[in-house]
Every structure is written in structure tokens, then in C-alpha cells.
>>> print(open('my_file08.cif').read())   # mmCIF, C-alpha atoms
data_structure
loop_
_atom_site.label_atom_id
_atom_site.label_comp_id
_atom_site.auth_asym_id
_atom_site.auth_seq_id
_atom_site.Cartn_x
_atom_site.Cartn_y
_atom_site.Cartn_z
CA ILE H 1072 23.97 48.56 27.17
CA PHE H 1073 23.12 45.34 25.47
CA PHE H 1074 21.72 45.20 21.95
CA VAL H 1075 19.70 42.16 21.01
CA PRO H 1076 19.29 42.02 17.25
CA PRO H 1077 15.81 41.17 16.02
CA ASP H 1078 15.11 37.59 14.97
CA THR H 1079 15.08 37.55 11.16
CA ASN H 1080 15.55 33.80 10.71
CA ALA H 1081 12.50 31.98 9.39
CA PRO H 1082 11.68 28.58 10.84
CA SER H 1083 11.95 25.50 8.67
CA ILE H 1084 9.08 23.09 8.15
CA SER H 1085 8.69 19.80 6.34
CA ILE H 1086 5.83 17.46 5.52
CA GLU H 1087 6.93 13.90 6.27
CA PHE H 1088 3.68 11.90 6.24
CA PRO H 1089 2.05 10.53 4.13
CA THR H 1090 5.09 11.15 1.91
CA VAL H 1091 8.18 13.31 1.59
CA ASN H 1092 7.57 13.54 -2.16
CA ALA H 1093 6.01 16.63 -3.75
CA VAL H 1094 2.98 14.74 -5.13
CA TYR H 1095 0.74 12.19 -3.44
CA GLU H 1096 -2.17 10.27 -5.00
CA THR H 1097 -5.06 8.89 -2.99
CA GLU H 1098 -8.57 7.45 -3.31
CA PHE H 1099 -9.53 8.64 0.19
CA SER H 1100 -11.54 11.84 0.60
CA THR H 1101 -9.65 12.98 3.71
CA LEU H 1102 -5.94 13.31 4.41
CA ASN H 1103 -3.79 13.18 7.53
CA LEU H 1104 -0.48 15.08 7.50
CA SER H 1105 2.44 15.27 9.90
CA GLY H 1106 5.95 16.57 9.95
CA THR H 1107 8.52 18.61 11.83
CA ALA H 1108 9.35 22.27 12.25
CA THR H 1109 12.42 23.92 13.79
CA ASP H 1110 13.57 27.46 14.49
CA ASN H 1111 16.55 29.24 16.04
CA SER H 1112 14.29 30.34 18.92
CA SER H 1113 10.87 28.69 18.93
CA VAL H 1114 8.06 27.83 16.56
CA ALA H 1115 4.86 29.58 17.66
CA LYS H 1116 2.33 27.88 15.38
CA ILE H 1117 1.76 25.66 12.36
CA GLU H 1118 -1.15 26.50 10.06
CA TRP H 1119 -2.43 24.63 7.01
CA SER H 1120 -4.61 25.50 4.03
CA ASN H 1121 -5.98 23.65 1.02
CA ALA H 1122 -6.15 25.68 -2.21
CA ARG H 1123 -9.48 23.89 -2.89
CA GLY H 1124 -10.95 25.03 0.45
CA GLY H 1125 -10.29 24.56 4.13
CA GLN H 1126 -7.71 25.77 6.59
CA GLY H 1127 -6.75 25.33 10.22
CA VAL H 1128 -4.08 25.02 12.86
CA ALA H 1129 -1.98 21.90 13.36
CA ILE H 1130 -1.70 19.99 16.61
CA GLY H 1131 1.76 20.58 18.11
CA VAL H 1132 4.76 22.20 16.46
CA ALA H 1133 7.71 19.79 16.63
CA PRO H 1134 6.36 17.31 15.63
CA TRP H 1135 3.05 18.62 14.25
CA SER H 1136 0.03 16.85 12.77
CA VAL H 1137 -3.26 17.61 11.03
CA ASN H 1138 -6.08 15.08 10.73
CA ASP H 1139 -9.03 14.78 8.34
CA ILE H 1140 -8.23 17.46 5.76
CA ALA H 1141 -11.17 17.33 3.32
CA LEU H 1142 -10.10 16.77 -0.30
CA GLN H 1143 -11.93 17.70 -3.49
CA PRO H 1144 -11.71 15.45 -6.57
CA GLY H 1145 -8.63 16.35 -8.62
CA LEU H 1146 -5.63 18.39 -7.51
CA ASN H 1147 -5.51 19.75 -3.94
CA VAL H 1148 -2.47 21.85 -3.04
CA ILE H 1149 -1.95 21.65 0.72
CA GLU H 1150 0.34 24.27 2.27
CA VAL H 1151 1.64 24.13 5.84
CA THR H 1152 3.25 27.25 7.30
CA ALA H 1153 5.46 27.51 10.39
CA THR H 1154 5.60 30.90 12.13
CA ASP H 1155 8.00 31.81 14.95
CA ASP H 1156 7.50 34.23 17.85
CA ALA H 1157 9.01 37.10 15.80
CA GLY H 1158 6.51 36.58 12.96
CA ASN H 1159 8.96 34.98 10.52
CA SER H 1160 7.45 32.14 8.51
CA SER H 1161 8.17 29.51 5.89
CA SER H 1162 6.05 26.91 4.15
CA ASP H 1163 6.05 23.48 2.61
CA THR H 1164 3.48 22.21 0.12
CA LEU H 1165 2.11 18.86 -0.94
CA SER H 1166 0.14 18.38 -4.17
CA VAL H 1167 -2.52 15.75 -3.46
CA VAL H 1168 -4.39 14.17 -6.36
CA PHE H 1169 -7.68 12.75 -5.12
CA THR H 1170 -9.20 10.28 -7.56
CA MET H 1171 -12.58 8.99 -6.52
CA PRO H 1172 -12.66 5.21 -6.57
CA ILE H 1173 -14.91 3.51 -9.10
CA PRO H 1174 -18.24 3.14 -7.32
CA GLU H 1175 -19.78 -0.24 -6.68
CA LEU H 1176 -22.95 -0.99 -8.62
CA THR H 1177 -25.36 -3.06 -6.54
CA VAL H 1178 -28.09 -5.18 -8.13
CA ALA H 1179 -31.05 -6.49 -6.12
CA ARG H 1180 -34.31 -8.15 -7.07
CA ALA H 1181 -37.61 -6.91 -5.66
CA GLY H 1182 -40.54 -8.91 -7.00
CA GLY H 1183 -40.49 -8.57 -10.78
CA ASN H 1184 -38.00 -5.69 -10.74
CA LEU H 1185 -34.27 -5.23 -10.68
CA ILE H 1186 -33.02 -2.38 -8.52
CA LEU H 1187 -29.63 -1.03 -9.54
CA SER H 1188 -28.01 1.33 -7.05
CA TRP H 1189 -24.72 3.16 -6.48
CA PRO H 1190 -23.40 5.86 -4.11
CA THR H 1191 -24.58 9.46 -4.57
CA ASN H 1192 -20.98 10.68 -4.25
CA ALA H 1193 -20.25 8.99 -7.60
CA VAL H 1194 -20.59 12.32 -9.39
CA GLY H 1195 -20.33 12.18 -13.18
CA PHE H 1196 -21.06 8.46 -13.58
CA THR H 1197 -23.82 7.21 -15.87
CA LEU H 1198 -25.53 3.83 -15.98
CA GLU H 1199 -25.14 1.90 -19.24
CA PHE H 1200 -26.21 -1.54 -20.40
CA THR H 1201 -25.58 -4.03 -23.16
CA THR H 1202 -27.39 -7.22 -24.08
CA ASN H 1203 -24.49 -9.38 -25.23
CA PHE H 1204 -20.79 -10.11 -25.00
CA PRO H 1205 -18.47 -9.43 -26.65
CA VAL H 1206 -19.76 -5.89 -26.38
CA THR H 1207 -20.33 -4.05 -29.64
CA ASN H 1208 -21.76 -0.99 -27.92
CA TRP H 1209 -23.13 0.17 -24.58
CA THR H 1210 -26.46 1.99 -24.34
CA LEU H 1211 -27.17 4.77 -21.88
CA GLU H 1212 -29.90 3.75 -19.42
CA SER H 1213 -32.81 6.09 -20.11
CA ALA H 1214 -34.36 5.99 -16.62
CA THR H 1215 -33.42 8.93 -14.40
CA PRO H 1216 -31.96 7.71 -11.10
CA ALA H 1217 -33.88 8.48 -7.92
CA VAL H 1218 -32.16 8.97 -4.57
CA VAL H 1219 -33.22 6.19 -2.19
CA ASN H 1220 -31.57 5.70 1.22
CA GLY H 1221 -28.57 7.81 0.21
CA GLN H 1222 -28.01 5.90 -3.03
CA TYR H 1223 -28.86 6.55 -6.65
CA ALA H 1224 -31.36 3.90 -7.72
CA VAL H 1225 -32.88 2.79 -11.01
CA THR H 1226 -35.70 0.25 -11.04
CA ASN H 1227 -36.19 -1.86 -14.16
CA ALA H 1228 -38.80 -4.53 -14.78
CA THR H 1229 -37.33 -7.96 -15.43
CA THR H 1230 -38.20 -9.03 -18.95
CA GLY H 1231 -36.27 -12.26 -19.37
CA GLU H 1232 -33.83 -10.43 -21.66
CA ARG H 1233 -30.19 -10.60 -20.56
CA LYS H 1234 -28.72 -7.22 -19.70
CA PHE H 1235 -25.28 -6.37 -18.45
CA TYR H 1236 -24.83 -3.08 -16.58
CA ARG H 1237 -21.90 -0.81 -15.81
CA LEU H 1238 -21.19 2.65 -14.45
CA LYS H 1239 -19.21 4.81 -16.85
CA LYS H 1240 -17.55 8.14 -16.27
#
>>> encode(input="my_file08.cif", output="C-alpha cells")
Amino acid sequence: IFFVPPDTNAPSISIEFPTVNAVYETEFSTLNLSGTATDNSSVAKIEWSNARGGQGVAIGVAPWSVNDIALQPGLNVIEVTATDDAGNSSSDTLSVVFTMPIPELTVARAGGNLILSWPTNAVGFTLEFTTNFPVTNWTLESATPAVVNGQYAVTNATTGERKFYRLKK
């Protein structure tokens, strides 16, 4: 009679890309991860989840990778979990801080108008202007932006008065 004790050893897993550090900062809205996992028998699967939404299964197990994890602005805690054939599991986490880049303000002339536009994913930004430098104060643009061709847009008549514009969060 042979007794085979049950496997009680959890696999080990580590995130190695984009960093081995606990915190990673990025201006990109998606993230690719990769790393390694080992076990005393075999790793059955690698799963991931983002505390801000989203989950899935990694490609491969040793090494493993996940592409295009969607990030939300602010802190995203990404957890990857290795599970072996016996159901034992362990996890590694990466705290990803996604800071949206400052959007580009585009200015174009159309006849007697200036058209100011910026990306619609620039949530929380407002359009301000001033008439002179050095700036003593900025004034909030009163026109409500319209969405035109996937961009916020404000159309102002040219008056000959100098105006300097910026997006402010």
C-alpha cells in the first residue's frame, strides 16, 4: 500500500514586467503584465483582476503574460493569482497609478471664428482664458463645449482682442 500525501504547497507567482516594484505609475490607459510562476507539481492557471474592474486569464503559466488591462484614472490594484492542480493558490499584486496626460488644446481658424478643441477623454478639465501676460487671473470660458468629431469644441468669434487659452483641471 502506497500513501501519496495531498499537495498542500501553494505555487509561487511574481510580477516582473513592467516592474518588480510594488507601485507603478503610467500615463497609458492600458497595461501589459508578465512574470513567472512555479509549483512543486504544476501550475494549472494564472488569473488576474483589477480592483477597479476587469478580470481574466493569463496567457501561459511559466512564463505568463496579460495584455491590454484597462486602467481607470487613479489607483488600480492588479492582482495575479497562480493556482495548481490541487487547488492551492497564491497571489502577487501591483498598485498601478494611472494619471491621464494633460490633453492637447487645438486651435483652428474657420472664417471669422476660432475653434478650440480637446479630447473628450479629458474628464474634469475646463477651458480658461486670459487677455494678458503676466497673468493676473484666468477666466472660465462661458461657452459650453459641444462634441464634434469625438472632440470637445468651443467656437468663439475673433474680435481682434488677444486671448490666451488653457485647459485646467
>>> closest_residue(input="my_file08.cif", among="H:Val1219, H:Ile1140, H:Val1225, H:Ala1081", to="Asp1156 in chain H", atoms="only C-alpha atoms")
H:Ala1081
>>> resolve_selection(input="my_file08.cif", expression="the PyMOL selection byres ((chain H and resi 1116-1133) around 9)", output="VMD selection string")
chain H and resid 1084 1105 to 1109 1114 to 1115 1134 to 1138 1140 to 1143 1146 to 1156
>>> closest_residue(input="my_file08.cif", among="H:Asp1139, H:Glu1096, H:Glu1087, H:Asp1078", to="Asn1111 in chain H", atoms="all atoms listed in the file")
H:Asp1078
>>> residues_near_point(input="my_file08.cif", point="(-7.1, 9.4, -6.2)", cutoff="8 Å", atoms="all atoms listed in the file", output="short mmCIF file (atom, residue, chain, number, x, y, z; two decimals) with C-alpha atoms, in the frame of the given file")
data_model
loop_
_atom_site.label_atom_id
_atom_site.label_comp_id
_atom_site.auth_asym_id
_atom_site.auth_seq_id
_atom_site.Cartn_x
_atom_site.Cartn_y
_atom_site.Cartn_z
CA GLU H 1096 -2.17 10.27 -5.00
CA THR H 1097 -5.06 8.89 -2.99
CA GLU H 1098 -8.57 7.45 -3.31
CA PHE H 1099 -9.53 8.64 0.19
CA PRO H 1144 -11.71 15.45 -6.57
CA GLY H 1145 -8.63 16.35 -8.62
CA VAL H 1168 -4.39 14.17 -6.36
CA PHE H 1169 -7.68 12.75 -5.12
CA THR H 1170 -9.20 10.28 -7.56
CA MET H 1171 -12.58 8.99 -6.52
CA PRO H 1172 -12.66 5.21 -6.57
#
>>> closest_residue(input="my_file08.cif", among="H:Thr1230, H:Leu1238, H:Pro1205, H:Leu1104", to="Thr1177 in chain H", atoms="only C-alpha atoms")
H:Leu1238
>>> atom_distance(input="my_file08.cif", atom1="CA of Pro1076 in chain H", atom2="CA of Asp1163 in chain H")
27.1 Å
>>> axis_aligned_box(input="my_file08.cif", around="range 1202-1206 of chain H", padding_each_side="5 Å", output="lines of an AutoDock Vina configuration file")
center_x = -22.9
center_y = -8.0
center_z = -25.4
size_x = 18.9
size_y = 14.2
size_z = 12.6
>>> closest_residue(input="my_file08.cif", among="H:Val1194, H:Val1075, H:Ala1179, H:Leu1211", to="Lys1240 in chain H", atoms="all atoms listed in the file")
H:Val1194
>>> resolve_selection(input="my_file08.cif", expression="the PyMOL selection byres ((chain H and resi 1203) around 8)", output="list in words")
Thr1201, Thr1202, Phe1204, Pro1205, Val1206, Arg1233, Lys1234 and Phe1235 of chain H
>>> write_last_selection(input="my_file08.cif", atoms="C-alpha atoms", output="mmCIF file, in the frame of the given file")
data_model
loop_
_atom_site.group_PDB
_atom_site.id
_atom_site.type_symbol
_atom_site.label_atom_id
_atom_site.label_comp_id
_atom_site.auth_asym_id
_atom_site.auth_seq_id
_atom_site.Cartn_x
_atom_site.Cartn_y
_atom_site.Cartn_z
ATOM 1 C CA THR H 1201 -25.580 -4.030 -23.160
ATOM 2 C CA THR H 1202 -27.390 -7.220 -24.080
ATOM 3 C CA PHE H 1204 -20.790 -10.110 -25.000
ATOM 4 C CA PRO H 1205 -18.470 -9.430 -26.650
ATOM 5 C CA VAL H 1206 -19.760 -5.890 -26.380
ATOM 6 C CA ARG H 1233 -30.190 -10.600 -20.560
ATOM 7 C CA LYS H 1234 -28.720 -7.220 -19.700
ATOM 8 C CA PHE H 1235 -25.280 -6.370 -18.450
#
